[in-house]
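What follows is a set of notes on a single structure, which appears directly below.
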Amino acid sequence: MSIFEDERPFLDALPPHERKALTALGRPKSYAPGDVLLLESDTTSFVVAILSGWAMVSVETERGVRLILALRGAGEIVGDQAAIDHRPRSATITALGRMNVVVIPADRFRAYVMARPAAGVLLMRQLSSRLRSSDDERRSLASEKVLQRLAARLVELAERTGRAVDDGIAVDLPLPQHDIAAAVGATREAVAKALRFLRDQGAVRTASRRFVVVDLGLLRLLAESGTTGERAGERSARGPTESPPTV
C-alpha cells in the first residue's frame, strides 16, 4: 500500500517543451495551508498541475469519517479524472502547506492530451498506478493490523518527505494524529495506542504536527511482517518491550 504516486510524476515525465506547453494553457495560482483545491462531489472539471508543495487527497465515508487516500506533490496533476469522464469530483484535495500550481481548463487539457499520444499514455499509466494502489489499500485494510499499517505509513513519509537530523529522520508535514489515523484507516484512539507502542520501542519521537523516525529498520520490519512485540524488542535491542497493540 502507498499514499504516494509510484510512477514518475506526470509533469516530470513530459519533455521540457511539452511541459511548458501544458502549463501555458492555464493560470498560476497559490494556495495557503488548509485551502481546498478540489471538493468531493463538486461538478467542476479543471485540472491542477502542482509546481510546489504537498496536497492531501481525502474522501468522506458513509459514517462521516474522513479517509486520506494519498498525498500529491510537485510534478503531479490532480483533477484529471473529472476532466476526462465529466463526472463529479471523486475526492477532496487540500493543501498541506503553501502550494504553487497551474489551473488548466478541462477542455484545454483534453485537447492537449488528444493531440499528444505520448501524454495520453502517461495519463493511462498514472490511472493504472492509482487503481493498483487502491486495490492494495483495500487488501491492507482487510488483512493488516493498525500497527502494521501505521509503520508502513511512517516509513513512506520518512523516505519520501523526511530530512536527516541528529537522531533520525524528521518529517515536517503538518499531519496531526487525526490525519495520520485517517491515512491508516483507523480510529484516532487506535493510532494513538500504536504510536505509544512505537515510542516505547524507541522507533519514533512525536511532537505537535511533527515526528522523527529514530529506528527506520524497526519500522520496516513491523510494516513488512507485522512483527510481534517480542521480535521487535529483539530487533531494536532496547531492552524489554510491552506487547504490541492488537487493534
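Residues in the C-alpha cells are named by chain (A, B, ... in the order shown) and by number from 1 within that chain; ligands are numbered from 1 in the order shown.
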List the spatial neighbours of Val155 of chain A as a ChimeraX atom specification - criterion: any atom at most 9 Å away, only C-alpha atoms, same-chain residues fewer than 3 positions off excluded. /A:150-152,158-160,213,216,219-220,223
Can you build me a table of segment 117-232 of chain A residues sitting at most 12 Å from segment 27-47 of chain A, with the closest atom pair per residue and its distance in Å to one decimal, using only C-alpha atoms, sorted by chain and residue number, as JSON lines?
{"residue": "A:Leu173", "atom": "CA", "partner": "A:Pro33", "partner_atom": "CA", "distance": 10.8}
{"residue": "A:Pro174", "atom": "CA", "partner": "A:Pro33", "partner_atom": "CA", "distance": 9.1}
{"residue": "A:Leu175", "atom": "CA", "partner": "A:Gly34", "partner_atom": "CA", "distance": 11.4}
Same residues, N, CA and C atoms, output as a PDB file, in the first residue's frame:
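Listed below is the output, out-v3.pdb:
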ATOM      1  N   LEU A 173       5.825  17.445   7.552  1.00  0.00           N
ATOM      2  CA  LEU A 173       4.486  17.668   7.007  1.00  0.00           C
ATOM      3  C   LEU A 173       3.506  17.834   8.164  1.00  0.00           C
ATOM      4  N   PRO A 174       2.619  18.823   8.085  1.00  0.00           N
ATOM      5  CA  PRO A 174       1.693  19.084   9.191  1.00  0.00           C
ATOM      6  C   PRO A 174       0.579  18.046   9.270  1.00  0.00           C
ATOM      7  N   LEU A 175       0.898  16.881   9.830  1.00  0.00           N
ATOM      8  CA  LEU A 175      -0.067  15.799   9.943  1.00  0.00           C
ATOM      9  C   LEU A 175      -0.325  15.484  11.410  1.00  0.00           C
TER      10      LEU A 175
END
From A:Leu123, A:Val102, A:Leu11, A:Ile3, residue lying nearest Arg72 of chain A [only C-alpha atoms]: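 Selected residue with least distance to Arg72 of chain A: A:Ile3.
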Strand (DSSP E) call set, DSSP backbone run, segment 78-174 of chain A, as a PyMOL selection string: chain A and resi 78+92-95+99-104+163-165+168-171
Please, could you write that set of residues out with C-alpha atoms as a short mmCIF file (atom, residue, chain, number, x, y, z; two decimals), in the first residue's frame?
data_model
loop_
_atom_site.label_atom_id
_atom_site.label_comp_id
_atom_site.auth_asym_id
_atom_site.auth_seq_id
_atom_site.Cartn_x
_atom_site.Cartn_y
_atom_site.Cartn_z
CA VAL A 78 -4.92 16.21 -9.90
CA THR A 92 -11.36 16.40 -1.82
CA ILE A 93 -7.84 17.77 -2.26
CA THR A 94 -6.49 20.05 0.46
CA ALA A 95 -3.21 21.96 0.66
CA MET A 99 1.36 25.41 -2.77
CA ASN A 100 2.03 26.85 -6.21
CA VAL A 101 0.02 25.34 -9.04
CA VAL A 102 -1.29 25.94 -12.53
CA VAL A 103 -5.07 25.62 -13.03
CA ILE A 104 -5.89 24.28 -16.51
CA ARG A 163 15.12 15.15 6.23
CA ALA A 164 18.10 13.89 8.18
CA VAL A 165 18.54 15.17 11.74
CA GLY A 168 16.93 10.15 12.86
CA ILE A 169 14.68 11.35 10.04
CA ALA A 170 12.34 14.28 10.69
CA VAL A 171 9.02 14.53 8.86
#
Find, counting only C-alpha atoms, the residue in A:Arg132, A:Arg110, A:Arg89, A:Arg199 that gets nearest to Asp6 of chain A.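 Distance minimum relative to Asp6 of chain A lands on A:Arg132.
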Residue with smallest distance to Ser133 of chain A - pool A:Ala13, A:Ala70, A:Met56, A:Gln148, counting only C-alpha atoms: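 Looking only at the distances to Ser133 of chain A, the closest residue turns out to be A:Ala70.
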Excluding Val146 of chain A and residues on its chain fewer than 3 positions from it, collect all residues at most 7 Å away from it, counting only C-alpha atoms, and give them as an NGL selection string. :A and (149-150 or 186 or 191 or 247)
Would you mind exporting the chosen residues as a compact mmCIF listing (two decimals), in the first residue's frame, restricted to N, CA, C and O atoms?
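And here's part.txt as it stands now:
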# COMPACT_ATOMS: atom_id res chain seq x y z
N ARG A 149 -0.03 -1.17 9.49
CA ARG A 149 -0.34 -0.12 8.52
C ARG A 149 0.30 1.20 8.94
O ARG A 149 0.79 1.95 8.10
N LEU A 150 0.30 1.48 10.23
CA LEU A 150 0.91 2.72 10.71
C LEU A 150 2.41 2.72 10.44
O LEU A 150 2.97 3.73 9.97
N ALA A 186 -7.96 4.05 10.44
CA ALA A 186 -8.25 3.59 11.79
C ALA A 186 -8.74 4.75 12.64
O ALA A 186 -8.67 5.92 12.22
N VAL A 191 -4.74 4.61 16.60
CA VAL A 191 -3.46 5.11 16.14
C VAL A 191 -2.64 5.64 17.31
O VAL A 191 -1.41 5.44 17.38
N VAL A 247 -5.02 -3.83 17.98
CA VAL A 247 -6.00 -3.21 17.11
C VAL A 247 -5.59 -3.35 15.66
O VAL A 247 -4.42 -3.48 15.35
Please provide the set of residues having any atom within 10 Å of Val65 of chain A, restricted to only C-alpha atoms, with same-chain residues fewer than 3 positions apart removed, written as number ranges by chain. A: 59-62, 68, 182, 185-187
What does the file look like for those residues with C-alpha atoms, as an mmCIF file, in the first residue's frame?
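The resulting out.cif:
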data_model
loop_
_atom_site.group_PDB
_atom_site.id
_atom_site.type_symbol
_atom_site.label_atom_id
_atom_site.label_comp_id
_atom_site.auth_asym_id
_atom_site.auth_seq_id
_atom_site.Cartn_x
_atom_site.Cartn_y
_atom_site.Cartn_z
ATOM 1 C CA VAL A 59 -12.916 11.184 0.985
ATOM 2 C CA GLU A 60 -15.796 11.117 3.452
ATOM 3 C CA THR A 61 -17.143 7.667 4.333
ATOM 4 C CA GLU A 62 -20.808 6.865 4.871
ATOM 5 C CA ILE A 68 -6.901 10.005 3.479
ATOM 6 C CA ALA A 182 -7.227 8.955 8.502
ATOM 7 C CA GLY A 185 -7.905 3.899 8.012
ATOM 8 C CA ALA A 186 -8.253 3.589 11.795
ATOM 9 C CA THR A 187 -9.656 5.497 14.725
#
When you count only C-alpha atoms, which of these residues is closest to Pro117 of chain A: A:Leu14, A:Leu222, A:Leu96, A:Ala49?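 Of A:Leu14, A:Leu222, A:Leu96, A:Ala49, the one nearest Pro117 of chain A, counting only C-alpha atoms, is A:Leu14.
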Filtered DSSP result for segment 14-232 of chain A, state alpha helix (DSSP H), as a PyMOL selection string: chain A and resi 16-23+80-85+106-115+117-143+146-161+177-184+188-200+216-225+229-232
Find the distance between atom CA of Asp200 of chain A and atom CA of Thr161 of chain A and write it in Å to one decimal.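 Answer for the atom CA of Asp200 of chain A to atom CA of Thr161 of chain A separation: 23.8 Å.
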For segment 107-109 of chain A, find every residue with an atom within 8 Å (counting only C-alpha atoms), except residues of its own chain fewer than 4 positions away, and show them as a list of chain:residue names.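 Contacts, with the query itself left out: A:Leu22, A:Leu25, A:Val47, A:Ala83, A:Val113.
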Considering only C-alpha atoms, return as an MDAnalysis selection string whatever protein or nucleic-acid residues lie within 12 Å of Arg125 of chain A, sequence-local ones (same chain, fewer than 2 positions apart) excluded. chainID A and resid 5:10 13 118:123 127:132
For the residues in that selection, give me all heavy atoms as a compact mmCIF listing (two decimals), in the first residue's frame.
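The result, stored in result-v3.txt:
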# COMPACT_ATOMS: atom_id res chain seq x y z
N GLU A 5 2.50 8.51 -5.21
CA GLU A 5 2.47 8.02 -6.58
C GLU A 5 3.68 7.12 -6.83
O GLU A 5 4.81 7.47 -6.52
CB GLU A 5 2.53 9.22 -7.54
CG GLU A 5 2.19 8.89 -8.97
CD GLU A 5 0.70 8.67 -9.17
OE1 GLU A 5 -0.05 9.65 -9.22
OE2 GLU A 5 0.29 7.49 -9.26
N ASP A 6 3.43 5.93 -7.39
CA ASP A 6 4.52 5.01 -7.70
C ASP A 6 5.23 5.39 -8.99
O ASP A 6 6.44 5.21 -9.13
CB ASP A 6 3.98 3.57 -7.81
CG ASP A 6 3.55 3.02 -6.46
OD1 ASP A 6 4.13 3.45 -5.44
OD2 ASP A 6 2.63 2.18 -6.42
N GLU A 7 4.45 5.89 -9.95
CA GLU A 7 5.03 6.27 -11.23
C GLU A 7 5.73 7.62 -11.13
O GLU A 7 5.49 8.40 -10.21
CB GLU A 7 3.93 6.34 -12.30
CG GLU A 7 3.25 5.01 -12.60
CD GLU A 7 4.16 4.05 -13.32
OE1 GLU A 7 5.09 4.51 -14.03
OE2 GLU A 7 3.96 2.83 -13.19
N ARG A 8 6.58 7.90 -12.11
CA ARG A 8 7.20 9.22 -12.19
C ARG A 8 6.11 10.27 -12.37
O ARG A 8 5.18 10.07 -13.16
CB ARG A 8 8.17 9.26 -13.37
CG ARG A 8 9.03 10.51 -13.43
CD ARG A 8 9.95 10.45 -14.63
NE ARG A 8 10.79 11.63 -14.73
CZ ARG A 8 11.53 11.93 -15.79
NH1 ARG A 8 11.53 11.12 -16.84
NH2 ARG A 8 12.26 13.03 -15.80
N PRO A 9 6.16 11.39 -11.66
CA PRO A 9 5.11 12.41 -11.78
C PRO A 9 4.87 12.81 -13.23
O PRO A 9 5.80 12.90 -14.04
CB PRO A 9 5.66 13.58 -10.96
CG PRO A 9 6.53 12.94 -9.94
CD PRO A 9 7.17 11.77 -10.64
N PHE A 10 3.61 13.06 -13.56
CA PHE A 10 3.20 13.33 -14.93
C PHE A 10 4.00 14.46 -15.56
O PHE A 10 4.53 14.31 -16.67
CB PHE A 10 1.70 13.68 -14.95
CG PHE A 10 1.13 13.91 -16.32
CD1 PHE A 10 0.72 12.85 -17.10
CD2 PHE A 10 1.01 15.20 -16.83
CE1 PHE A 10 0.18 13.06 -18.37
CE2 PHE A 10 0.49 15.42 -18.09
CZ PHE A 10 0.07 14.35 -18.86
N ALA A 13 7.61 13.57 -16.28
CA ALA A 13 7.79 12.59 -17.35
C ALA A 13 7.65 13.21 -18.74
O ALA A 13 8.06 12.60 -19.73
CB ALA A 13 6.78 11.45 -17.19
N ALA A 118 1.74 10.43 -26.63
CA ALA A 118 2.66 10.09 -25.53
C ALA A 118 2.10 10.58 -24.20
O ALA A 118 2.22 9.90 -23.17
CB ALA A 118 4.04 10.69 -25.79
N ALA A 119 1.49 11.77 -24.20
CA ALA A 119 0.89 12.29 -22.97
C ALA A 119 -0.31 11.43 -22.56
O ALA A 119 -0.54 11.20 -21.37
CB ALA A 119 0.45 13.74 -23.17
N GLY A 120 -1.05 10.94 -23.55
CA GLY A 120 -2.18 10.06 -23.25
C GLY A 120 -1.73 8.76 -22.60
O GLY A 120 -2.37 8.26 -21.67
N VAL A 121 -0.60 8.24 -23.07
CA VAL A 121 -0.05 7.01 -22.48
C VAL A 121 0.37 7.27 -21.03
O VAL A 121 0.11 6.45 -20.14
CB VAL A 121 1.14 6.48 -23.31
CG1 VAL A 121 1.85 5.36 -22.56
CG2 VAL A 121 0.66 6.01 -24.66
N LEU A 122 1.02 8.40 -20.79
CA LEU A 122 1.42 8.75 -19.42
C LEU A 122 0.19 8.86 -18.52
O LEU A 122 0.22 8.43 -17.36
CB LEU A 122 2.19 10.07 -19.42
CG LEU A 122 3.59 10.05 -20.02
CD1 LEU A 122 4.18 11.46 -20.05
CD2 LEU A 122 4.50 9.12 -19.21
N LEU A 123 -0.88 9.44 -19.05
CA LEU A 123 -2.09 9.58 -18.25
C LEU A 123 -2.70 8.22 -17.93
O LEU A 123 -3.14 7.99 -16.79
CB LEU A 123 -3.09 10.45 -19.03
CG LEU A 123 -4.24 11.07 -18.23
CD1 LEU A 123 -3.70 12.01 -17.15
CD2 LEU A 123 -5.19 11.81 -19.16
N LEU A 127 -3.29 6.53 -14.21
CA LEU A 127 -4.57 5.96 -13.78
C LEU A 127 -4.41 4.52 -13.33
O LEU A 127 -4.94 4.10 -12.30
CB LEU A 127 -5.59 6.05 -14.91
CG LEU A 127 -6.97 5.42 -14.64
CD1 LEU A 127 -7.63 6.08 -13.43
CD2 LEU A 127 -7.86 5.53 -15.88
N SER A 128 -3.65 3.73 -14.11
CA SER A 128 -3.41 2.33 -13.75
C SER A 128 -2.70 2.24 -12.41
O SER A 128 -3.05 1.40 -11.56
CB SER A 128 -2.58 1.65 -14.84
OG SER A 128 -2.25 0.33 -14.47
N SER A 129 -1.68 3.08 -12.19
CA SER A 129 -0.94 3.06 -10.93
C SER A 129 -1.84 3.38 -9.75
O SER A 129 -1.77 2.73 -8.70
CB SER A 129 0.21 4.08 -11.01
OG SER A 129 0.87 4.20 -9.77
N ARG A 130 -2.73 4.36 -9.93
CA ARG A 130 -3.62 4.74 -8.83
C ARG A 130 -4.66 3.66 -8.55
O ARG A 130 -5.04 3.44 -7.40
CB ARG A 130 -4.28 6.08 -9.15
CG ARG A 130 -3.27 7.23 -9.12
CD ARG A 130 -3.87 8.57 -9.51
NE ARG A 130 -2.85 9.61 -9.47
CZ ARG A 130 -3.07 10.89 -9.79
NH1 ARG A 130 -4.28 11.27 -10.18
NH2 ARG A 130 -2.10 11.78 -9.72
N LEU A 131 -5.11 2.96 -9.59
CA LEU A 131 -6.05 1.86 -9.39
C LEU A 131 -5.39 0.71 -8.65
O LEU A 131 -5.98 0.10 -7.75
CB LEU A 131 -6.59 1.37 -10.74
CG LEU A 131 -7.62 2.28 -11.42
CD1 LEU A 131 -7.94 1.75 -12.82
CD2 LEU A 131 -8.90 2.36 -10.60
N ARG A 132 -4.16 0.39 -9.02
CA ARG A 132 -3.43 -0.68 -8.33
C ARG A 132 -3.21 -0.30 -6.85
O ARG A 132 -3.33 -1.15 -5.96
CB ARG A 132 -2.09 -0.93 -9.01
CG ARG A 132 -2.20 -1.64 -10.35
CD ARG A 132 -0.83 -1.81 -10.99
NE ARG A 132 -0.90 -2.41 -12.31
CZ ARG A 132 -0.97 -3.71 -12.54
NH1 ARG A 132 -0.94 -4.56 -11.51
NH2 ARG A 132 -1.03 -4.18 -13.76
Atom-to-atom span, atom CA of Leu69 of chain A and atom CA of His178 of chain A, Å: 13.9 Å
